[in-house]
file entry-v3.tsv (TSV, C-alpha atoms)
chain	number	residue	atom	x	y	z
A	53	MET	CA	13.78	24.50	12.98
A	54	ARG	CA	13.90	20.85	11.94
A	55	PRO	CA	13.91	18.39	14.88
A	56	ASP	CA	17.23	16.58	15.26
A	57	HIS	CA	16.03	13.04	14.61
A	58	THR	CA	17.95	12.44	11.38
A	59	HIS	CA	20.38	9.91	12.86
A	60	ALA	CA	18.11	7.79	15.03
A	61	SER	CA	19.81	4.65	16.32
A	62	PRO	CA	18.98	1.50	14.34
A	63	SER	CA	18.64	-0.37	17.65
A	64	ARG	CA	16.14	2.07	19.09
A	65	GLN	CA	12.90	0.51	20.34
A	66	TYR	CA	9.52	2.05	19.56
A	67	LYS	CA	6.18	1.60	21.28
A	68	TYR	CA	3.92	1.36	18.26
A	69	TYR	CA	6.07	0.52	15.23
A	70	GLU	CA	5.16	-3.18	15.30
A	71	PHE	CA	1.45	-2.34	15.57
A	72	VAL	CA	1.61	-0.08	12.52
A	73	MET	CA	3.49	-2.81	10.66
A	74	ALA	CA	0.83	-5.38	11.57
A	75	ALA	CA	-1.95	-3.02	10.47
A	76	PHE	CA	-0.21	-2.37	7.14
A	77	VAL	CA	0.24	-6.07	6.38
A	78	ALA	CA	-3.31	-6.91	7.48
A	79	VAL	CA	-4.88	-4.23	5.28
A	80	TYR	CA	-2.75	-5.23	2.30
A	81	LEU	CA	-3.56	-8.93	2.62
A	82	CYS	CA	-7.28	-8.41	3.19
A	83	SER	CA	-7.70	-5.90	0.36
A	84	ASN	CA	-6.01	-8.34	-2.04
A	85	LEU	CA	-7.62	-11.57	-0.83
A	86	ILE	CA	-11.15	-10.43	0.07
A	87	GLY	CA	-11.93	-7.40	-2.08
A	88	PRO	CA	-10.96	-8.37	-5.66
A	89	ALA	CA	-13.33	-11.34	-5.84
A	90	LYS	CA	-16.39	-9.10	-5.75
A	91	ALA	CA	-17.53	-6.59	-8.35
A	92	ALA	CA	-19.64	-3.98	-6.56
A	93	GLN	CA	-21.96	-1.35	-8.00
A	94	LEU	CA	-23.24	1.88	-6.52
A	95	ASP	CA	-25.81	4.24	-8.01
A	96	LEU	CA	-24.31	7.68	-7.45
A	97	PRO	CA	-26.64	10.71	-7.58
A	98	GLY	CA	-26.02	12.73	-10.71
A	99	TRP	CA	-23.66	10.11	-12.08
A	100	GLY	CA	-25.51	6.83	-12.32
A	101	PRO	CA	-24.32	3.26	-11.74
A	102	VAL	CA	-20.61	2.86	-11.03
A	103	THR	CA	-19.07	-0.63	-11.02
A	104	PHE	CA	-15.79	-1.24	-9.22
A	105	GLY	CA	-13.75	-3.92	-7.50
A	106	ALA	CA	-14.68	-3.93	-3.83
A	107	GLY	CA	-11.02	-3.97	-2.80
A	108	VAL	CA	-10.55	-0.42	-4.10
A	109	LEU	CA	-12.25	0.90	-0.94
A	110	PHE	CA	-9.59	-0.55	1.34
A	111	PHE	CA	-6.38	-1.02	-0.66
A	112	PRO	CA	-5.48	2.71	-0.46
A	113	VAL	CA	-5.41	2.38	3.33
A	114	SER	CA	-2.13	0.44	2.91
A	115	TYR	CA	-0.68	3.56	1.25
A	116	ILE	CA	-1.90	5.65	4.17
A	117	PHE	CA	-0.06	3.37	6.58
A	118	GLY	CA	2.98	3.55	4.29
A	119	ASP	CA	2.84	7.34	4.50
A	120	ILE	CA	2.59	7.22	8.30
A	121	LEU	CA	5.53	4.82	8.57
A	122	THR	CA	7.79	6.91	6.33
A	123	GLU	CA	6.78	10.21	7.89
A	124	VAL	CA	7.35	9.10	11.49
A	125	TYR	CA	9.94	6.31	11.37
A	126	GLY	CA	11.72	6.98	8.08
A	127	TYR	CA	12.20	5.23	4.76
A	128	ALA	CA	14.39	2.39	6.05
A	129	ARG	CA	11.82	1.19	8.57
A	130	ALA	CA	9.01	1.63	6.04
A	131	ARG	CA	11.09	-0.47	3.63
A	132	ARG	CA	11.16	-3.35	6.13
A	133	VAL	CA	7.39	-3.18	6.44
A	134	ILE	CA	6.91	-3.19	2.66
A	135	TRP	CA	9.06	-6.32	2.45
A	136	ALA	CA	7.00	-7.88	5.26
A	137	GLY	CA	3.81	-7.20	3.30
A	138	PHE	CA	5.38	-8.57	0.12
A	139	GLY	CA	6.46	-11.77	1.87
A	140	ALA	CA	3.07	-12.21	3.51
A	141	MET	CA	1.31	-11.88	0.16
A	142	VAL	CA	3.65	-14.41	-1.48
A	143	PHE	CA	2.89	-16.91	1.28
A	144	ALA	CA	-0.86	-16.21	1.10
A	145	SER	CA	-0.81	-16.71	-2.68
A	146	VAL	CA	1.04	-20.03	-2.42
A	147	MET	CA	-1.25	-21.18	0.37
A	148	ALA	CA	-4.37	-20.23	-1.61
A	149	ALA	CA	-3.09	-22.09	-4.68
A	150	VAL	CA	-2.34	-25.23	-2.66
A	151	VAL	CA	-5.66	-25.18	-0.79
A	152	VAL	CA	-7.67	-24.60	-3.97
A	153	ALA	CA	-5.80	-27.41	-5.74
A	154	LEU	CA	-6.43	-29.97	-2.99
A	155	PRO	CA	-9.18	-32.45	-3.99
A	156	PRO	CA	-12.40	-31.58	-2.17
A	157	ALA	CA	-14.12	-34.16	0.00
A	158	PRO	CA	-17.12	-35.79	-1.71
A	159	THR	CA	-19.47	-34.31	0.89
A	160	TRP	CA	-18.14	-30.74	0.44
A	161	ALA	CA	-20.03	-28.88	-2.29
A	162	ASN	CA	-18.36	-25.45	-2.03
A	163	GLN	CA	-15.32	-26.01	-4.26
A	164	PRO	CA	-16.60	-23.80	-7.14
A	165	ALA	CA	-17.27	-20.88	-4.79
A	166	TYR	CA	-13.89	-21.37	-3.15
A	167	GLU	CA	-12.15	-21.30	-6.52
A	168	ILE	CA	-13.92	-18.05	-7.43
A	169	ALA	CA	-12.91	-16.41	-4.15
A	170	PHE	CA	-9.30	-17.62	-3.88
A	171	GLY	CA	-8.38	-19.05	-7.27
A	172	SER	CA	-6.57	-16.08	-8.82
A	173	THR	CA	-4.30	-16.94	-11.72
A	174	TRP	CA	-0.57	-16.61	-11.23
A	175	ARG	CA	-0.53	-13.87	-13.85
A	176	ILE	CA	-2.83	-11.72	-11.68
A	177	VAL	CA	-0.91	-12.60	-8.51
A	178	GLY	CA	2.40	-11.73	-10.15
A	179	ALA	CA	1.01	-8.46	-11.49
A	180	SER	CA	-0.33	-7.57	-8.04
A	181	LEU	CA	3.00	-8.27	-6.35
A	182	CYS	CA	4.98	-6.32	-8.96
A	183	ALA	CA	2.62	-3.35	-8.79
A	184	PHE	CA	2.60	-3.34	-4.98
A	185	PHE	CA	6.39	-3.57	-4.74
A	186	CYS	CA	7.03	-0.72	-7.18
A	187	GLY	CA	4.11	1.48	-6.11
A	188	GLU	CA	4.82	1.31	-2.38
A	189	PHE	CA	8.53	1.99	-2.75
A	190	VAL	CA	7.90	4.92	-5.09
A	191	ASN	CA	5.34	6.28	-2.62
A	192	SER	CA	7.72	5.99	0.32
A	193	PHE	CA	10.70	7.42	-1.57
A	194	ILE	CA	8.82	10.47	-2.83
A	195	LEU	CA	7.34	11.23	0.59
A	196	ALA	CA	10.77	10.99	2.24
A	197	ARG	CA	12.39	13.27	-0.36
A	198	MET	CA	9.53	15.76	-0.25
A	199	LYS	CA	9.84	15.94	3.55
A	200	ILE	CA	13.45	17.03	3.27
A	201	ARG	CA	12.74	19.60	0.54
A	202	SER	CA	9.78	21.06	2.44
A	203	ASN	CA	11.66	20.99	5.76
A	204	GLY	CA	8.81	18.96	7.24
A	205	ARG	CA	6.03	21.39	6.33
A	206	HIS	CA	2.74	20.70	4.53
A	207	LEU	CA	2.23	17.04	5.36
A	208	TRP	CA	-0.89	16.95	3.16
A	209	LYS	CA	1.18	17.80	0.08
A	210	ARG	CA	3.54	14.94	0.83
A	211	THR	CA	0.88	12.32	1.51
A	212	ILE	CA	-1.28	13.23	-1.49
A	213	GLY	CA	1.64	13.91	-3.82
A	214	SER	CA	3.40	10.65	-3.03
A	215	THR	CA	0.12	8.74	-3.36
A	216	LEU	CA	-0.58	10.30	-6.76
A	217	VAL	CA	2.70	8.91	-8.07
A	218	GLY	CA	2.70	5.65	-6.11
A	219	GLU	CA	-0.88	4.73	-6.99
A	220	GLY	CA	-0.23	5.83	-10.56
A	221	VAL	CA	2.70	3.42	-10.82
A	222	ASP	CA	0.61	0.68	-9.19
A	223	SER	CA	-2.29	1.10	-11.63
A	224	LEU	CA	-0.10	1.47	-14.71
A	225	LEU	CA	1.70	-1.77	-13.88
A	226	PHE	CA	-1.10	-3.94	-12.53
A	227	TYR	CA	-3.80	-3.70	-15.19
A	228	PRO	CA	-1.66	-4.24	-18.31
A	229	LEU	CA	0.38	-6.99	-16.63
A	230	ALA	CA	-2.73	-8.75	-15.30
A	231	PHE	CA	-5.25	-8.29	-18.10
A	232	TRP	CA	-3.71	-7.17	-21.43
A	233	ASN	CA	-4.71	-9.73	-24.08
A	234	SER	CA	-5.97	-12.00	-21.28
A	235	GLY	CA	-9.53	-12.27	-22.56
A	236	LEU	CA	-10.84	-11.36	-19.08
A	237	ILE	CA	-11.16	-7.62	-19.75
A	238	PRO	CA	-11.29	-6.17	-23.30
A	239	ASN	CA	-8.11	-4.21	-24.03
A	240	GLU	CA	-10.09	-1.13	-25.04
A	241	LEU	CA	-11.67	-0.94	-21.54
A	242	LEU	CA	-8.43	-1.14	-19.57
A	243	ALA	CA	-7.57	2.57	-19.75
A	244	GLY	CA	-10.99	3.59	-18.42
A	245	ILE	CA	-10.84	1.04	-15.60
A	246	MET	CA	-7.32	2.12	-14.68
A	247	LEU	CA	-8.39	5.76	-14.52
A	248	THR	CA	-11.46	4.99	-12.40
A	249	GLN	CA	-9.46	2.88	-9.95
A	250	PHE	CA	-6.68	5.49	-9.75
A	251	VAL	CA	-9.08	8.36	-9.04
A	252	SER	CA	-10.92	6.27	-6.46
A	253	LYS	CA	-7.73	5.32	-4.62
A	254	VAL	CA	-6.39	8.87	-4.53
A	255	GLY	CA	-9.83	10.05	-3.40
A	256	VAL	CA	-9.65	7.72	-0.41
A	257	GLU	CA	-6.25	9.17	0.49
A	258	VAL	CA	-7.65	12.71	0.34
A	259	LEU	CA	-10.65	11.79	2.49
A	260	PHE	CA	-8.40	10.21	5.12
A	261	THR	CA	-5.99	13.16	5.26
A	262	PRO	CA	-7.41	14.65	8.51
A	263	LEU	CA	-7.14	11.24	10.20
A	264	THR	CA	-3.61	10.79	8.84
A	265	TYR	CA	-2.65	14.12	10.43
A	266	LYS	CA	-3.99	13.00	13.82
A	267	ILE	CA	-2.25	9.62	13.73
A	268	VAL	CA	1.07	11.11	12.60
A	269	ALA	CA	0.97	13.78	15.31
A	270	ALA	CA	0.08	11.24	18.00
A	271	LEU	CA	2.85	8.83	16.95
A	272	LYS	CA	5.49	11.55	16.72
A	273	HIS	CA	4.60	12.66	20.23
A	274	ALA	CA	4.43	9.14	21.68
A	275	GLU	CA	7.59	7.89	19.99
A	276	ARG	CA	9.57	11.15	20.28
A	277	GLU	CA	10.51	10.63	16.65
A	278	ASP	CA	10.23	12.66	13.45
A	279	HIS	CA	12.69	11.06	11.08
A	280	TYR	CA	14.36	12.88	8.17
A	281	ASP	CA	16.04	10.66	5.55
A	282	VAL	CA	19.06	12.85	4.91
A	283	ALA	CA	21.71	10.12	4.75
A	284	THR	CA	19.45	7.20	3.85
A	285	ASN	CA	20.34	4.58	1.26
A	286	PHE	CA	17.12	4.46	-0.78
A	287	THR	CA	17.71	1.12	-2.48
A	288	PRO	CA	14.56	-1.02	-2.11
A	289	PHE	CA	16.66	-4.22	-2.09
A	290	SER	CA	17.67	-4.15	1.55
A	291	ILE	CA	16.12	-4.55	4.99
A	292	LYS	CA	18.96	-2.86	6.87
A	293	LEU	CA	18.20	0.14	9.05
call {"tool": "encode", "arguments": {"input": "entry-v3.tsv", "output": "structure tokens"}}
result
Amino acid sequence: MRPDHTHASPSRQYKYYEFVMAAFVAVYLCSNLIGPAKAAQLDLPGWGPVTFGAGVLFFPVSYIFGDILTEVYGYARARRVIWAGFGAMVFASVMAAVVVALPPAPTWANQPAYEIAFGSTWRIVGASLCAFFCGEFVNSFILARMKIRSNGRHLWKRTIGSTLVGEGVDSLLFYPLAFWNSGLIPNELLAGIMLTQFVSKVGVEVLFTPLTYKIVAALKHAEREDHYDVATNFTPFSIKL
């Protein structure tokens, strides 16, 4: 029988919700600010050299935290966290632009390296924010709806299924918005890069599934919560509980 946690009080206090929120925002910021500046290459046995953006290894972890938040605390509280991540990334982008634009001191010779690391164009920043916003909300919505339809069974189907769609939306939006006709990546290569990144991100989700199970079970037990979004308003444009 489904646990009766559908109508949890909006004022209810949780032990670990803020920690999961902080982890989500930290992973999202770091994967967008640290990872994208580096193109990495691994020589895979039986496959050969594979080149990828280093951030692809860690960005999917934000989706894992999104899954955990929705599964345990519900869509409305996950929605607040997504908005927190969005706001943090907007601030980080503005801060990076201002800091990069400030004239360097004559004795400081690292301006070119700093511009490479933190000087993303506003087109790429805007594409990243749009893709994150849409992808995360699609991911959270699908997981919440699948939980109701499955009566809370088969968590792995919900986490992987929602990630397939959420990451798909993210990739389909980000690469064309950021790079189509930009001159940075040839248009004919975009589809292959999108597919590689998408498969890699979903692969990370699959690999982390056993850990996701353990974290979800521990949080449900500690918080005495297993939220079902039966009467939830699924609009993304709200932070109300």
call {"tool": "residues_near_point", "arguments": {"input": "entry-v3.tsv", "point": "(2.8, 13.3, 13.5)", "cutoff": "12 Å", "atoms": "all atoms listed in the file", "output": "ChimeraX atom specification"}}
result
/A:119-125,204-208,262-279
call {"tool": "closest_residue", "arguments": {"input": "entry-v3.tsv", "among": "A:Cys186, A:Thr103, A:Gln163, A:Tyr80", "to": "A:Gly244", "atoms": "all atoms listed in the file"}}
result
A:Thr103
call {"tool": "atom_distance", "arguments": {"input": "entry-v3.tsv", "atom1": "atom CA of A:Phe184", "atom2": "atom CA of A:Ile134"}}
result
8.8 Å
call {"tool": "residues_around", "arguments": {"input": "entry-v3.tsv", "residues": "stretch 150-156 of chain A", "least_positions_apart": "2", "cutoff": "8 Å", "atoms": "all atoms listed in the file", "output": "list in words"}}
result
Val146, Met147, Ala148, Pro158, Trp160, Gln163, Tyr166, Glu167, Phe170 and Gly171 of chain A
call {"tool": "closest_residue", "arguments": {"input": "entry-v3.tsv", "among": "A:Tyr68, A:Phe185, A:Trp174, A:Trp232", "to": "A:Arg132", "atoms": "only C-alpha atoms"}}
result
A:Phe185
call {"tool": "closest_residue", "arguments": {"input": "entry-v3.tsv", "among": "A:Asn84, A:Asn191, A:Asn239, A:Thr284", "to": "A:Ala179", "atoms": "only C-alpha atoms"}}
result
A:Asn84
call {"tool": "closest_residue", "arguments": {"input": "entry-v3.tsv", "among": "A:Ile116, A:Ala130, A:Val254, A:Val190", "to": "A:Val221", "atoms": "all atoms listed in the file"}}
result
A:Val190
call {"tool": "atom_distance", "arguments": {"input": "entry-v3.tsv", "atom1": "atom CA of A:Val251", "atom2": "atom CA of A:Phe189"}}
result
19.8 Å
call {"tool": "closest_residue", "arguments": {"input": "entry-v3.tsv", "among": "A:Asn203, A:Ala165, A:Val133, A:Asn233", "to": "A:Ser114", "atoms": "all atoms listed in the file"}}
result
A:Val133
call {"tool": "decode", "arguments": {"input": "entry-v3.tsv", "residues": "stretch 112-132 of chain A", "atoms": "N, CA and C atoms", "output": "tab-separated table (two decimals), in the first residue's frame"}}
result
chain	number	residue	atom	x	y	z
A	112	PRO	N	25.86	15.04	-14.94
A	112	PRO	CA	24.72	14.15	-14.67
A	112	PRO	C	24.44	13.95	-13.19
A	113	VAL	N	25.43	14.21	-12.33
A	113	VAL	CA	25.20	14.05	-10.89
A	113	VAL	C	24.11	15.02	-10.42
A	114	SER	N	24.00	16.19	-11.08
A	114	SER	CA	22.93	17.12	-10.71
A	114	SER	C	21.56	16.50	-10.99
A	115	TYR	N	21.46	15.71	-12.05
A	115	TYR	CA	20.20	15.01	-12.34
A	115	TYR	C	19.92	13.94	-11.29
A	116	ILE	N	20.97	13.29	-10.81
A	116	ILE	CA	20.79	12.29	-9.76
A	116	ILE	C	20.24	12.94	-8.50
A	117	PHE	N	20.81	14.09	-8.12
A	117	PHE	CA	20.28	14.81	-6.97
A	117	PHE	C	18.85	15.29	-7.23
A	118	GLY	N	18.56	15.70	-8.47
A	118	GLY	CA	17.19	16.07	-8.80
A	118	GLY	C	16.23	14.91	-8.63
A	119	ASP	N	16.66	13.72	-9.05
A	119	ASP	CA	15.84	12.52	-8.86
A	119	ASP	C	15.59	12.25	-7.38
A	120	ILE	N	16.64	12.36	-6.58
A	120	ILE	CA	16.52	12.10	-5.14
A	120	ILE	C	15.57	13.10	-4.50
A	121	LEU	N	15.70	14.37	-4.86
A	121	LEU	CA	14.83	15.39	-4.29
A	121	LEU	C	13.36	15.13	-4.63
A	122	THR	N	13.07	14.83	-5.89
A	122	THR	CA	11.69	14.60	-6.31
A	122	THR	C	11.14	13.33	-5.69
A	123	GLU	N	11.93	12.29	-5.65
A	123	GLU	CA	11.48	11.00	-5.12
A	123	GLU	C	11.16	11.09	-3.64
A	124	VAL	N	11.97	11.77	-2.88
A	124	VAL	CA	11.79	11.82	-1.42
A	124	VAL	C	10.88	12.98	-1.01
A	125	TYR	N	11.18	14.19	-1.49
A	125	TYR	CA	10.52	15.39	-0.98
A	125	TYR	C	9.40	15.91	-1.88
A	126	GLY	N	9.33	15.42	-3.12
A	126	GLY	CA	8.27	15.84	-4.01
A	126	GLY	C	8.69	16.92	-4.99
A	127	TYR	N	7.85	17.09	-6.01
A	127	TYR	CA	8.16	18.01	-7.11
A	127	TYR	C	8.30	19.45	-6.64
A	128	ALA	N	7.42	19.89	-5.74
A	128	ALA	CA	7.43	21.30	-5.34
A	128	ALA	C	8.73	21.69	-4.66
A	129	ARG	N	9.24	20.81	-3.80
A	129	ARG	CA	10.51	21.13	-3.15
A	129	ARG	C	11.68	20.98	-4.12
A	130	ALA	N	11.60	20.03	-5.04
A	130	ALA	CA	12.63	19.94	-6.08
A	130	ALA	C	12.62	21.19	-6.95
A	131	ARG	N	11.43	21.72	-7.21
A	131	ARG	CA	11.30	22.94	-8.02
A	131	ARG	C	12.03	24.11	-7.37
A	132	ARG	N	11.94	24.23	-6.06
A	132	ARG	CA	12.65	25.32	-5.36
A	132	ARG	C	14.16	25.17	-5.51
